[in-house]
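Asks: My structure file my_file_13.txt, compact mmCIF, C-alpha atoms, is below:
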```txt
# COMPACT_ATOMS: atom_id res chain seq x y z
CA MET C 15 16.51 2.87 -0.08
CA ILE C 16 14.87 -0.42 -1.03
CA ARG C 17 15.26 -0.98 -4.78
CA SER C 18 13.64 -4.39 -5.39
CA PHE C 19 11.28 -6.88 -3.83
CA ALA C 20 14.26 -9.09 -3.05
CA GLU C 21 15.68 -6.23 -0.97
CA LEU C 22 12.23 -5.66 0.54
CA LEU C 23 12.13 -9.28 1.76
CA VAL C 24 15.61 -8.93 3.25
CA CYS C 25 14.57 -5.71 5.02
CA ALA C 26 11.43 -7.32 6.44
CA LYS C 27 13.40 -10.33 7.66
CA GLN C 28 16.07 -8.13 9.29
CA ASN C 29 13.36 -6.30 11.23
CA GLY C 30 12.36 -9.62 12.77
CA PRO C 31 9.05 -11.47 12.63
CA ILE C 32 6.10 -9.09 12.90
CA GLN C 33 2.68 -10.15 14.10
CA VAL C 34 0.24 -10.55 11.21
CA VAL C 35 -3.36 -10.87 12.38
CA LEU C 36 -5.56 -12.61 9.81
CA ALA C 37 -9.29 -11.84 10.02
CA GLY C 38 -11.50 -14.66 8.75
CA ALA C 39 -8.60 -17.09 8.83
CA GLN C 40 -10.55 -20.07 7.44
CA ASP C 41 -9.16 -19.13 4.04
CA GLU C 42 -6.65 -21.51 2.51
CA GLU C 43 -5.21 -18.99 0.04
CA ALA C 44 -4.62 -16.38 2.75
CA LEU C 45 -3.08 -19.03 5.00
CA ARG C 46 -0.68 -20.01 2.21
CA ALA C 47 0.44 -16.37 2.00
CA ILE C 48 0.93 -16.36 5.78
CA LYS C 49 2.93 -19.59 5.47
CA ALA C 50 5.20 -18.06 2.83
CA ALA C 51 5.81 -15.06 5.10
CA TYR C 52 6.43 -17.38 8.05
CA ASP C 53 8.95 -19.43 6.05
CA ALA C 54 10.72 -16.25 4.93
CA GLY C 55 11.11 -15.17 8.56
CA LEU C 56 8.89 -12.11 8.10
CA ALA C 57 5.87 -12.88 10.20
CA GLU C 58 4.25 -14.68 13.07
CA ALA C 59 0.54 -15.28 12.73
CA THR C 60 -2.55 -14.85 14.86
CA LEU C 61 -5.52 -16.45 13.13
CA VAL C 62 -8.97 -15.11 13.98
CA GLY C 63 -11.98 -17.09 12.83
CA ASP C 64 -13.76 -20.43 13.19
CA SER C 65 -11.21 -22.72 14.83
CA GLU C 66 -13.07 -25.83 13.65
CA LEU C 67 -12.48 -24.72 10.08
CA ILE C 68 -8.98 -23.31 10.60
CA LYS C 69 -7.34 -26.25 12.39
CA PRO C 70 -7.74 -28.75 9.50
CA LEU C 71 -6.14 -26.22 7.15
CA LEU C 72 -2.93 -25.83 9.19
CA PRO C 73 -1.33 -29.14 8.09
CA THR C 74 -2.65 -28.58 4.56
CA VAL C 75 -0.72 -25.33 4.18
CA GLY C 76 2.15 -26.37 6.46
CA LEU C 77 1.68 -23.94 9.35
CA PRO C 78 2.65 -25.18 12.84
CA ALA C 79 -0.11 -26.86 14.81
CA ASP C 80 0.49 -24.47 17.72
CA THR C 81 -0.17 -21.34 15.62
CA ARG C 82 -2.30 -19.00 17.73
CA ILE C 83 -6.01 -19.17 16.90
CA VAL C 84 -8.67 -16.85 18.31
CA HIS C 85 -12.04 -18.57 17.90
CA GLU C 86 -14.93 -16.58 16.40
CA THR C 87 -17.57 -18.10 14.14
CA ASP C 88 -19.12 -14.82 13.03
CA VAL C 89 -16.87 -13.43 10.28
CA ALA C 90 -17.82 -9.78 10.83
CA GLN C 91 -17.08 -10.13 14.54
CA ALA C 92 -13.83 -11.92 13.66
CA ALA C 93 -12.75 -8.77 11.83
CA VAL C 94 -13.56 -6.68 14.91
CA LYS C 95 -11.56 -9.05 17.14
CA ALA C 96 -8.63 -9.04 14.72
CA VAL C 97 -8.60 -5.23 14.72
CA GLY C 98 -8.57 -5.25 18.52
CA ILE C 99 -5.54 -7.54 18.60
CA VAL C 100 -3.65 -5.42 16.07
CA LYS C 101 -4.47 -2.27 18.01
CA GLU C 102 -2.63 -3.69 21.03
CA THR C 103 0.40 -4.71 18.95
CA PRO C 104 2.89 -1.85 18.37
CA ALA C 105 4.08 -3.09 14.97
CA GLY C 106 1.25 -5.43 14.04
CA ILE C 107 -0.34 -5.84 10.62
CA LEU C 108 -3.97 -6.55 9.85
CA MET C 109 -4.74 -8.86 6.94
CA LYS C 110 -8.05 -9.73 5.29
CA GLY C 111 -9.02 -13.36 4.96
CA LEU C 112 -12.47 -14.88 4.34
CA VAL C 113 -14.49 -11.84 5.35
CA ASN C 114 -16.57 -9.42 3.30
CA SER C 115 -14.57 -6.32 2.35
CA SER C 116 -17.20 -3.92 3.70
CA ASP C 117 -17.31 -5.77 7.06
CA PHE C 118 -13.52 -5.79 7.16
CA LEU C 119 -13.17 -2.05 6.47
CA ARG C 120 -16.05 -1.26 8.84
CA ALA C 121 -14.09 -2.98 11.61
CA VAL C 122 -10.97 -0.97 10.72
CA LEU C 123 -12.94 2.27 11.03
CA LEU C 124 -15.10 1.28 14.01
CA PRO C 125 -15.37 4.33 16.32
CA GLY C 126 -13.55 3.88 19.60
CA CYS C 127 -12.02 0.48 18.96
CA GLY C 128 -10.93 0.54 15.32
CA LEU C 129 -7.70 1.75 13.75
CA ARG C 130 -8.87 5.27 12.91
CA THR C 131 -6.36 8.09 12.64
CA GLY C 132 -8.67 10.72 11.20
CA ARG C 133 -7.08 10.20 7.79
CA LEU C 134 -8.64 8.78 4.69
CA LEU C 135 -7.87 5.13 3.99
CA CYS C 136 -5.89 4.87 0.76
CA HIS C 137 -4.03 2.29 -1.29
CA LEU C 138 -0.32 2.34 -2.01
CA ALA C 139 0.93 0.02 -4.75
CA ALA C 140 4.56 -0.88 -5.36
CA PHE C 141 5.89 -2.14 -8.70
CA GLU C 142 9.15 -3.68 -9.81
CA LEU C 143 9.58 -3.45 -13.57
CA PRO C 144 12.12 -5.54 -15.50
CA GLY C 145 15.27 -3.48 -16.02
CA ASP C 146 14.29 -0.64 -13.68
CA LYS C 147 16.75 0.45 -11.01
CA LYS C 148 14.25 0.94 -8.20
CA LEU C 149 10.73 0.20 -7.00
CA VAL C 150 8.09 2.73 -8.03
CA PHE C 151 4.92 3.50 -6.11
CA HIS C 152 1.41 4.48 -7.22
CA THR C 153 -1.47 5.98 -5.26
CA ASP C 154 -4.44 5.71 -5.16
CA GLY C 155 -5.63 3.11 -7.64
CA GLY C 156 -7.42 0.85 -5.19
CA MET C 157 -9.57 2.67 -2.63
CA ASN C 158 -10.79 6.16 -3.51
CA ILE C 159 -12.83 6.59 -6.66
CA ALA C 160 -12.48 10.31 -7.40
CA PRO C 161 -10.56 11.99 -4.58
CA THR C 162 -11.08 15.69 -3.97
CA LEU C 163 -8.21 18.10 -3.48
CA GLU C 164 -8.39 17.70 0.30
CA GLU C 165 -8.52 13.93 -0.07
CA LYS C 166 -5.47 13.97 -2.37
CA LYS C 167 -3.65 16.00 0.28
CA ASP C 168 -4.65 13.40 2.87
CA ILE C 169 -3.47 10.56 0.62
CA LEU C 170 -0.05 12.19 0.26
CA HIS C 171 0.18 12.62 4.03
CA SER C 172 -0.16 8.83 4.33
CA ALA C 173 1.89 7.75 1.30
CA LEU C 174 4.94 9.97 1.86
CA PRO C 175 5.71 8.75 5.41
CA ALA C 176 5.38 5.18 4.11
CA LEU C 177 8.01 5.88 1.43
CA GLU C 178 10.24 7.53 4.02
CA ALA C 179 9.87 4.42 6.21
CA LEU C 180 11.17 2.45 3.22
CA GLY C 181 14.27 4.66 2.99
CA VAL C 182 13.15 7.15 0.31
CA GLU C 183 14.48 10.29 1.98
CA GLU C 184 13.43 12.90 -0.61
CA PRO C 185 10.50 11.37 -2.50
CA LYS C 186 9.99 12.61 -6.05
CA VAL C 187 6.26 12.80 -6.71
CA ALA C 188 4.49 13.17 -10.04
CA ILE C 189 0.90 14.46 -9.79
CA LEU C 190 -0.31 12.85 -13.01
CA THR C 191 -2.71 14.43 -15.48
CA ALA C 192 -3.27 14.14 -19.24
CA ASN C 193 -1.04 17.15 -19.95
CA GLU C 194 0.87 19.98 -18.31
CA VAL C 195 -1.62 22.77 -19.04
CA VAL C 196 -3.69 23.98 -16.09
CA SER C 197 -7.33 24.22 -17.15
CA PRO C 198 -10.57 24.44 -15.14
CA LYS C 199 -12.06 22.10 -17.74
CA MET C 200 -9.69 19.43 -16.39
CA PRO C 201 -10.01 19.65 -12.58
CA ALA C 202 -7.10 17.25 -12.00
CA THR C 203 -4.72 19.85 -13.44
CA VAL C 204 -6.01 22.50 -11.03
CA ASP C 205 -5.63 20.09 -8.10
CA ALA C 206 -2.09 19.27 -9.20
CA GLN C 207 -1.13 22.93 -9.37
CA THR C 208 -2.55 23.51 -5.87
CA LEU C 209 -0.77 20.50 -4.39
CA VAL C 210 2.54 21.70 -5.84
CA GLU C 211 1.96 25.13 -4.33
CA MET C 212 1.25 23.48 -0.96
CA SER C 213 4.53 21.61 -1.31
CA ARG C 214 6.42 24.83 -1.92
CA GLN C 215 4.97 26.14 1.32
CA GLY C 216 6.34 23.12 3.22
CA GLU C 217 3.14 21.05 3.45
CA PHE C 218 4.84 17.79 2.38
CA GLY C 219 8.24 17.99 4.04
CA THR C 220 11.23 17.05 1.90
CA ALA C 221 9.15 15.60 -0.96
CA ILE C 222 9.56 17.16 -4.40
CA LEU C 223 6.18 17.49 -6.09
CA GLU C 224 5.61 18.36 -9.74
CA GLY C 225 2.34 18.72 -11.55
CA PRO C 226 0.33 18.83 -13.57
CA ILE C 227 2.62 16.39 -15.35
CA SER C 228 1.84 13.81 -18.03
CA MET C 229 3.07 10.24 -17.82
CA ASP C 230 5.55 10.58 -20.70
CA VAL C 231 7.30 13.53 -19.05
CA ALA C 232 7.25 11.82 -15.66
CA LEU C 233 8.90 8.72 -17.12
CA SER C 234 11.28 10.21 -19.67
CA ARG C 235 13.75 13.08 -19.40
CA GLU C 236 13.96 13.01 -23.19
CA ALA C 237 10.22 13.64 -23.40
CA ALA C 238 10.57 16.56 -20.98
CA VAL C 239 13.37 18.09 -23.07
CA HIS C 240 11.40 17.55 -26.28
CA LYS C 241 8.42 19.38 -24.78
CA GLY C 242 10.63 22.16 -23.40
CA ILE C 243 9.75 21.28 -19.80
CA SER C 244 12.27 21.79 -17.01
CA SER C 245 11.80 19.06 -14.41
CA ARG C 246 13.62 17.94 -11.27
CA ILE C 247 11.89 14.54 -11.23
CA SER C 248 11.53 13.45 -14.86
CA GLY C 249 12.82 9.91 -15.25
CA GLU C 250 13.41 9.64 -11.49
CA VAL C 251 9.88 9.56 -10.04
CA ASP C 252 9.33 7.57 -6.84
CA LEU C 253 5.58 8.11 -6.39
CA PHE C 254 2.98 8.53 -9.12
CA MET C 255 -0.28 10.06 -7.89
CA VAL C 256 -3.11 9.18 -10.27
CA PRO C 257 -6.14 11.46 -10.70
CA GLY C 258 -8.72 8.73 -10.00
CA ILE C 259 -9.27 5.03 -9.46
CA GLU C 260 -9.86 4.21 -13.15
CA ALA C 261 -6.46 5.58 -14.16
CA GLY C 262 -4.74 3.84 -11.27
CA ASN C 263 -6.47 0.51 -11.83
CA LEU C 264 -5.80 0.49 -15.58
CA LEU C 265 -2.19 1.57 -15.12
CA GLY C 266 -1.47 -1.05 -12.47
CA LYS C 267 -2.99 -3.91 -14.43
CA ALA C 268 -1.22 -2.82 -17.61
CA LEU C 269 2.11 -2.89 -15.78
CA ILE C 270 1.44 -6.39 -14.41
CA TYR C 271 0.00 -8.02 -17.51
CA CYS C 272 1.77 -6.12 -20.30
CA ALA C 273 5.07 -5.03 -18.76
CA HIS C 274 5.45 -8.14 -16.55
CA ALA C 275 5.86 -6.05 -13.41
CA LYS C 276 5.92 -7.62 -9.97
CA SER C 277 3.59 -5.93 -7.52
CA ALA C 278 2.57 -5.40 -3.92
CA GLY C 279 -0.04 -3.30 -2.19
CA VAL C 280 -0.97 -2.01 1.25
CA ILE C 281 -3.74 0.13 2.70
CA LEU C 282 -2.57 3.21 4.58
CA GLY C 283 -4.32 5.82 6.70
CA ALA C 284 -4.98 3.53 9.66
CA THR C 285 -2.81 3.24 12.77
CA HIS C 286 -1.29 0.04 11.35
CA PRO C 287 -0.70 -1.13 7.76
CA VAL C 288 -3.53 -3.22 6.34
CA VAL C 289 -3.16 -5.97 3.73
CA MET C 290 -6.11 -6.76 1.44
CA VAL C 291 -4.84 -9.04 -1.29
CA SER C 292 -7.00 -10.14 -4.22
CA ARG C 293 -7.61 -13.77 -5.10
CA ALA C 294 -6.29 -12.85 -8.56
CA ASP C 295 -2.94 -11.80 -7.06
CA SER C 296 -0.02 -14.16 -7.60
CA ALA C 297 1.59 -15.92 -4.65
CA SER C 298 4.62 -13.63 -4.97
CA ALA C 299 2.39 -10.51 -4.96
CA LYS C 300 0.76 -11.67 -1.73
CA LEU C 301 4.13 -12.31 -0.09
CA ASN C 302 5.46 -8.97 -1.35
CA SER C 303 2.41 -7.21 0.09
CA ILE C 304 3.02 -8.69 3.52
CA ALA C 305 6.71 -7.75 3.28
CA LEU C 306 5.79 -4.20 2.24
CA ALA C 307 3.45 -3.85 5.22
CA CYS C 308 6.11 -5.30 7.56
CA CYS C 309 8.76 -2.83 6.40
CA ILE C 310 6.41 0.14 6.65
CA ALA C 311 5.28 -0.90 10.13
CA SER C 312 8.87 -1.34 11.32
CA GLY C 313 10.13 1.83 9.64
CA GLN C 314 7.36 4.00 11.05
CA ARG C 315 7.87 2.59 14.54
CA LYS C 316 11.56 3.60 14.39
CA ARG C 317 10.94 7.13 13.12
```
Could I get this structure in the form of structure tokens?
Replies:
Amino acid sequence: MIRSFAELLVCAKQNGPIQVVLAGAQDEEALRAIKAAYDAGLAEATLVGDSELIKPLLPTVGLPADTRIVHETDVAQAAVKAVGIVKETPAGILMKGLVNSSDFLRAVLLPGCGLRTGRLLCHLAAFELPGDKKLVFHTDGGMNIAPTLEEKKDILHSALPALEALGVEEPKVAILTANEVVSPKMPATVDAQTLVEMSRQGEFGTAILEGPISMDVALSREAAVHKGISSRISGEVDLFMVPGIEAGNLLGKALIYCAHAKSAGVILGATHPVVMVSRADSASAKLNSIALACCIASGQRKR
């Protein structure tokens, strides 16, 4: 089980350089992230975009002059070409560069030649908090606004194999809500109850799901005892499933800016992991995201 981003980087390096295909590669910030991954021994790059704009950036960021470039001036078509290259690479990773997010995701989902699996695309975030003994994961605070019950089921079917690929053999999952009382006035509590029942029927393999469960009980065994709640996961949660994008977005940013957490993120639900970093992300978050995608790609290939 990987317990820190330092261990994640070691794991990614041990699995050998994995092909990272950058769509819209005329993006200096994305190229610097690729360079960091290259220097760490995690990745080899294929750069898809306007070669006349990419080539001058290679010495600027320090990438080798012979780095593979696939020329395409149209950024939307560059995303399509990048997807095609990843599709032919068993453990490849797709990464967004200077291309519109909608064009990028449209290429991922392009019928016939995209990376469709039939599953919903979803975001998995990883956090390392000061003093914590392991990485914790959150889904889905980055892609799906208000997932339905079926969509939440789909998200879990993508997130849980990713955790297992990272060595979490019996993931402990908290289906978060505002409290532990099931009420039709709070649909998230009803969804949580249904997901837990699905888990009891074997829907999610070895994962241990509990919900509806509030954040204090999920984080603290003392809070669970105080509330008179018997829990198998309290204080030991691996994956927090948030009820909607607002909760996930607020929680993630609070951890980063208030609790000084380190972070990483990857998009799941496609045939290959997808990295869409934000320009606001730190250099370490970008490198961690590539490492996370590398480890998931390698782990799923082995399973």
Asks: Which is closer to Ser115 (chain C) than all the others in C:Ala188, C:Val89, C:Val196, C:Val280, using all atoms listed in the file?
Replies: C:Val89
Asks: Quick check, in Å to one decimal: how far apart do CA of Leu23 (chain C) and CA of Pro144 (chain C) lie?
Replies: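 Those two atoms sit 17.7 Å apart.
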Asks: Which neighbours of region 82-84 of chain C fall inside 7 Å, counting only C-alpha atoms, when residues of the same chain fewer than 3 positions from it are skipped, and could you give them as a ChimeraX atom specification?
Replies: /C:59-63,65
Asks: Could you tell me which of C:Val239, C:Val256, C:Ile247, C:Ala96 comes closest to Leu138 (chain C) if we count all atoms listed in the file?
Replies: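 Among the listed residues, the smallest separation from Leu138 (chain C) belongs to C:Val256.
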Asks: Show me the residues around (1.7, 19.2, -6.6) - criterion: an atom at most 6 Å away, only C-alpha atoms counted - as a PyMOL selection string.
Replies: chain C and resi 189+206-207+209-210+223-225
Asks: Within 8 Å of region 38-43 of chain C, counting only C-alpha atoms, which residues show up once you throw out same-chain ones fewer than 5 positions away? Write them as an mmCIF file with C-alpha atoms, in the coordinates of the input, please.
Replies:
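The file below, part.cif, is the result:
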```cif
data_model
loop_
_atom_site.group_PDB
_atom_site.id
_atom_site.type_symbol
_atom_site.label_atom_id
_atom_site.label_comp_id
_atom_site.auth_asym_id
_atom_site.auth_seq_id
_atom_site.Cartn_x
_atom_site.Cartn_y
_atom_site.Cartn_z
ATOM 1 C CA LEU C 61 -5.520 -16.450 13.130
ATOM 2 C CA VAL C 62 -8.970 -15.110 13.980
ATOM 3 C CA GLY C 63 -11.980 -17.090 12.830
ATOM 4 C CA ASP C 64 -13.760 -20.430 13.190
ATOM 5 C CA SER C 65 -11.210 -22.720 14.830
ATOM 6 C CA LEU C 67 -12.480 -24.720 10.080
ATOM 7 C CA ILE C 68 -8.980 -23.310 10.600
ATOM 8 C CA LEU C 71 -6.140 -26.220 7.150
ATOM 9 C CA VAL C 75 -0.720 -25.330 4.180
ATOM 10 C CA VAL C 89 -16.870 -13.430 10.280
ATOM 11 C CA ALA C 92 -13.830 -11.920 13.660
ATOM 12 C CA ALA C 93 -12.750 -8.770 11.830
ATOM 13 C CA LYS C 110 -8.050 -9.730 5.290
ATOM 14 C CA GLY C 111 -9.020 -13.360 4.960
ATOM 15 C CA LEU C 112 -12.470 -14.880 4.340
ATOM 16 C CA VAL C 113 -14.490 -11.840 5.350
ATOM 17 C CA ARG C 293 -7.610 -13.770 -5.100
#
```
Asks: If we count only C-alpha atoms and set the cut-off at 8 Å, which residues sit around region 155-165 of chain C, ignoring sequence neighbours fewer than 4 positions away in its own chain? Please answer as a ChimeraX atom specification.
Replies: /C:134-139,169,205,209,256-263,266
Asks: What is the distance, in Å and to one decimal place, between CA of Met255 (chain C) and CA of Val187 (chain C)?
Replies: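 Result for CA of Met255 (chain C) versus CA of Val187 (chain C): 7.2 Å, one decimal.
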Asks: I need the residue nearest Ala273 (chain C) from this list: C:Glu250, C:Glu236, C:Glu142, C:Glu211. Use only C-alpha atoms for the distance.
Replies: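 Of C:Glu250, C:Glu236, C:Glu142, C:Glu211, the one nearest Ala273 (chain C) is C:Glu142, counting only C-alpha atoms.
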Asks: Got a sec to check which residues sit within 10 Å of (13.7, 4.6, 3.1), counting all atoms listed in the file, and write them as a ChimeraX atom specification?
Replies: /C:15-17,175-185,309-310,313
Asks: With C-alpha atoms retained, could you export that selection as a PDB file, in the coordinates of the input?
Replies:
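Full text of out35.pdb as output:
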```
ATOM      1  CA  MET C  15      16.510   2.870  -0.080  1.00  0.00           C
ATOM      2  CA  ILE C  16      14.870  -0.420  -1.030  1.00  0.00           C
ATOM      3  CA  ARG C  17      15.260  -0.980  -4.780  1.00  0.00           C
ATOM      4  CA  PRO C 175       5.710   8.750   5.410  1.00  0.00           C
ATOM      5  CA  ALA C 176       5.380   5.180   4.110  1.00  0.00           C
ATOM      6  CA  LEU C 177       8.010   5.880   1.430  1.00  0.00           C
ATOM      7  CA  GLU C 178      10.240   7.530   4.020  1.00  0.00           C
ATOM      8  CA  ALA C 179       9.870   4.420   6.210  1.00  0.00           C
ATOM      9  CA  LEU C 180      11.170   2.450   3.220  1.00  0.00           C
ATOM     10  CA  GLY C 181      14.270   4.660   2.990  1.00  0.00           C
ATOM     11  CA  VAL C 182      13.150   7.150   0.310  1.00  0.00           C
ATOM     12  CA  GLU C 183      14.480  10.290   1.980  1.00  0.00           C
ATOM     13  CA  GLU C 184      13.430  12.900  -0.610  1.00  0.00           C
ATOM     14  CA  PRO C 185      10.500  11.370  -2.500  1.00  0.00           C
ATOM     15  CA  CYS C 309       8.760  -2.830   6.400  1.00  0.00           C
ATOM     16  CA  ILE C 310       6.410   0.140   6.650  1.00  0.00           C
ATOM     17  CA  GLY C 313      10.130   1.830   9.640  1.00  0.00           C
TER      18      GLY C 313
END
```
Asks: For His85 (chain C), which residue out of C:Gly219, C:Pro31, C:Ile107, C:Leu36 is the nearest one, using only C-alpha atoms?
Replies: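 Nearest to His85 (chain C): C:Leu36.
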Asks: Counting only C-alpha atoms, which of C:Leu22, C:Lys167, C:Val94, C:Cys272 gets nearest to Arg120 (chain C)?
Replies: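 Residue with the minimum atom-to-atom distance to Arg120 (chain C): C:Val94.
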Asks: Contacts of Leu129 (chain C) at 6 Å or less, counting all atoms listed in the file, minus same-chain residues fewer than 2 places along, as an NGL selection string?
Replies: :C and (122-123 or 284-285)
Asks: Using only C-alpha atoms, please write the residues we just selected to a file, as a CSV table (one decimal), in the coordinates of the input.
Replies:
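Below you can see selection14.csv, which holds the result:
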```
chain,number,residue,atom,x,y,z
C,122,VAL,CA,-11.0,-1.0,10.7
C,123,LEU,CA,-12.9,2.3,11.0
C,284,ALA,CA,-5.0,3.5,9.7
C,285,THR,CA,-2.8,3.2,12.8
```
Asks: Find the distance between CA of Ser172 (chain C) and CA of Val289 (chain C) and write it in Å to one decimal.
Replies: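 It comes out at 15.1 Å.
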Asks: Between C:Glu21, C:His171, C:Ser197, C:Leu149, which one has atoms that come closest to Ala221 (chain C), using only C-alpha atoms?
Replies: C:His171
Asks: Tell me which protein, DNA and RNA residues are within 8 Å of Ala192 (chain C), counting only C-alpha atoms, leaving out same-chain ones fewer than 5 positions away, and put them as a ChimeraX atom specification.
Replies: /C:227-229
